[in-house]
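Q: Take this structure, written in structure tokens, and hold onto it; I'll ask about it next.
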Amino acid sequence: MMSESTVSVLPEELRERDQWVCWKEEPRDGKPTKIPVTPGSGAFASSTDPETWASFETALEYAGTENADGIGFVFTDDDPIVGVDLDDCRDPESDDVDDTALDIIERLDSYTEISPSGTGFHVLIRGELPDGRNRRGSIELYDTARFFTVTCDRLEDTPPRVARRQDALVAIHREYVQDSKPDSEHKSGTYSTTDEQTTTTISAADTNVDLEDQELLERAQNASNGEKFERLWRGSTAGYESQSEADMALCCLLAFWTGGDQQQMDRLFRQSGLLRDKWDEVHYADGSTYGEKTIERAISSTSEFYDPDTRETATESVPRTSESSTTASRGESERNRNRAYLVEKNRLLTDRVDELETTLEQKNERIEQLEATIDDLKTELAERDREIKQTREEQAGTTSDCDTASETSSLWGRLFGDSSK
């Protein structure tokens with residue numbers, strides 16, 4: 001049975017929900033299969049029937065008997081929990097983990113457990129599962145009508161809470177699970193990299209920006225999304241679910257402005273306020289550092305790169321055929337500028353909503369802490385009132401005994417006189 005210290009690592013958000021079953025391993029078609037059972041009765045449990053679920057405490061107690069091998073959490077439409085199941089990605093003897101699993105775990109940055117077999121991981125986040133298929137290869141995503149085995153064997157250095165990771169979930173679903181190839185426009189839209197939109201869609205290999213660092217920074221800061229670049233450059237993570245998301249956002253912007261030059265991206269990022277020791281830490285089995293992988297992902301997710309030649313010669317290359325064509329060109333340029341403004345404004349509003357949601361979540365957690373403190377104080381006050389009442393009763397009983405003894409002595413004195421006389 002799990003010890004109290006082991007169970008304590010499980011996030012309260014999961015423990016407080018009555019969505020728990022037990023499981024028992026049985027052979028099915030020659031393979032060991034985890035069968036869900038109802039805590040208490042041992043009957044078959046269904047991931048769609050709440051009558052077969054129980055509280056965490058009940059499930060844990062039943063798992064301590066010989067009738068079950070462990071506990072499991074059921075996903076439903078009524079909760080915001082999404083489970084990411086990563087199978088056959090860990091060597092239980094050497095602790096080696098494959099690159100794909102490490103990438104997913106790093107980007108989700110939420111409560112992560114080692115699976116019962118020791119060969120995989122379960123990641124739990126808050127979010128909404130994107131439409132489309134939910135499984136490819138050894139990666140599977142759950143959000144309803146399924147259950148996760150729970151071991152409380154939390155992976156070291158992962159958060160002790162179930163974090164909100166919608167943006168990361170969408171990106172991972174798109175990159176690793178869905179059928180079609182990544183939609184480059186949507187993918188790069190997550191981190192808007194457009195200037196005042198005079199560029200065309202070109203690859204990093206076709207781009208030779210060749211700008212000095214200072215000139216590049218000035219252009220980035222003066223672009224239509226310069227305010228966003230400036231915030232990230234200063235080290236602000238406001239509006240992002242984690243610093244890793246902010247790191248990726250800045251790297252996507254740098255990928256655009258450098259034309260995908262990895263060395264210049266790395267050099268510039270090291271000058272930013274987001275730089276931390278983690279940037280140079282080896283996080284992948286192939287020896288890659290966190291910074292190297294972040295730069296690689298940023299380049300692969302950027303579909304447009306800044307082309308200074310196109311921008312600087314755009315005016316000269318426009319044929320001066322007539323006033324009407326010039327007017328039309330100006331109109332198109334203005335529309336492009338307006339579209340760029342609206343795209344960036346939408347992004348800023350989305351960032352602000354995320355920031356407010358994060359603040360609300362923190363305040364709700366604070367309210368829960370205060371309510372718990374109030375309950376503790378009420379319990380302590382009630383205990384003190386009980387002790388005071390008991391003390392007063394005892395004092396009253398002592399006083400009554402003394403008065404009775406005094407009255408008895410006085411009566412004997414009146415009947416027989418004072419013996420000292």
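Lettering and numbering for the structure tokens are positional, with chains as A, B, ... in the shown order, residues counted from 1 in each chain, and ligands counted from 1 in the shown order.
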Could you pull out the residues in region 18-213 of chain A that DSSP calls strand (DSSP E) from the backbone, as a PyMOL selection string?
A: chain A and resi 20-28+31-37+70-75+81-86+112-114+121-126+135-136+139-142+146-150
Q: Quick check for you: according to DSSP on this backbone, which residues of region 72-320 of chain A are classed as helix (DSSP H, G or I)? Reply as a ChimeraX atom specification.
A: /A:99-108,166-177,184-189,204-206,213-222,226-234,243-258,262-269,277-280,290-300,308-317
Q: Can I get the residues of region 36-98 of chain A within 10 Å of region 284-296 of chain A, each with the closest pair of atoms and their distance in Å to one decimal, using only C-alpha atoms, sorted chain first then ascending number, as a tab-separated table?
A:
residue	atom	partner	partner_atom	distance
A:Asp96	CA	A:Ala285	CA	7.2
A:Val97	CA	A:Ala285	CA	6.8
A:Asp98	CA	A:Ala285	CA	6.4
Q: So, counting only C-alpha atoms, which residue among A:Ala372, A:Val37, A:Ala145, A:Cys152 is closest to Asp77 (chain A)?
A: A:Ala145
Q: Would you mind listing what lies within 12 Å of Ser242 (chain A) as a ChimeraX atom specification, with only C-alpha atoms counted and same-chain residues fewer than 5 positions away left out?
A: /A:106-110,159,163-168,236-237,247-249,274,354-355,358
Q: Pick out the closest residue to Tyr176 (chain A) from this set: A:Glu371, A:Glu113, A:Glu128, A:Asp103. Count only C-alpha atoms.
A: A:Asp103
Q: Determine the nearest neighbour of Cys251 (chain A) from the options A:Val170, A:Ala298, A:Glu212, A:Glu12, counting only C-alpha atoms.
A: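 Counting only C-alpha atoms, the residue closest to Cys251 (chain A) is A:Ala298.
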Q: Find the residue from A:Ile139, A:Ala238, A:Val82, A:Val21 that sits nearest to Glu51 (chain A); use only C-alpha atoms when measuring.
A: A:Val21
Q: Could you state the separation of CA of Val74 (chain A) and CA of Ile125 (chain A) in Å, given to one decimal place?
A: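 Spanning CA of Val74 (chain A) to CA of Ile125 (chain A) is a straight-line distance of 13.8 Å.
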Q: For Tyr111 (chain A), which residue among A:Pro27, A:Pro80, A:Gly137, A:Pro11 is the nearest when counting only C-alpha atoms?
A: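 For Tyr111 (chain A), the nearest of the given residues is A:Pro11.
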Q: With distances taken over only C-alpha atoms, which of A:Phe75, A:Ser117, A:Arg15, A:Gln263 is nearest to Thr33 (chain A)?
A: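 Counting only C-alpha atoms, the residue closest to Thr33 (chain A) is A:Ser117.
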Q: Suppose you want the space between CA of Glu175 (chain A) and CA of Thr149 (chain A); what is it in Å?
A: 25.7 Å
Q: If we count only C-alpha atoms and set the cut-off at 8 Å, which residues sit around Gly120 (chain A), ignoring sequence neighbours fewer than 5 positions away in its own chain? Please answer as an MDAnalysis selection string.
A: chainID A and resid 85:90 114:115
Q: Between CA of Gly72 (chain A) and CA of Glu25 (chain A), measure the distance and give it in Å to one decimal.
A: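 Result for CA of Gly72 (chain A) versus CA of Glu25 (chain A): 12.4 Å, one decimal.
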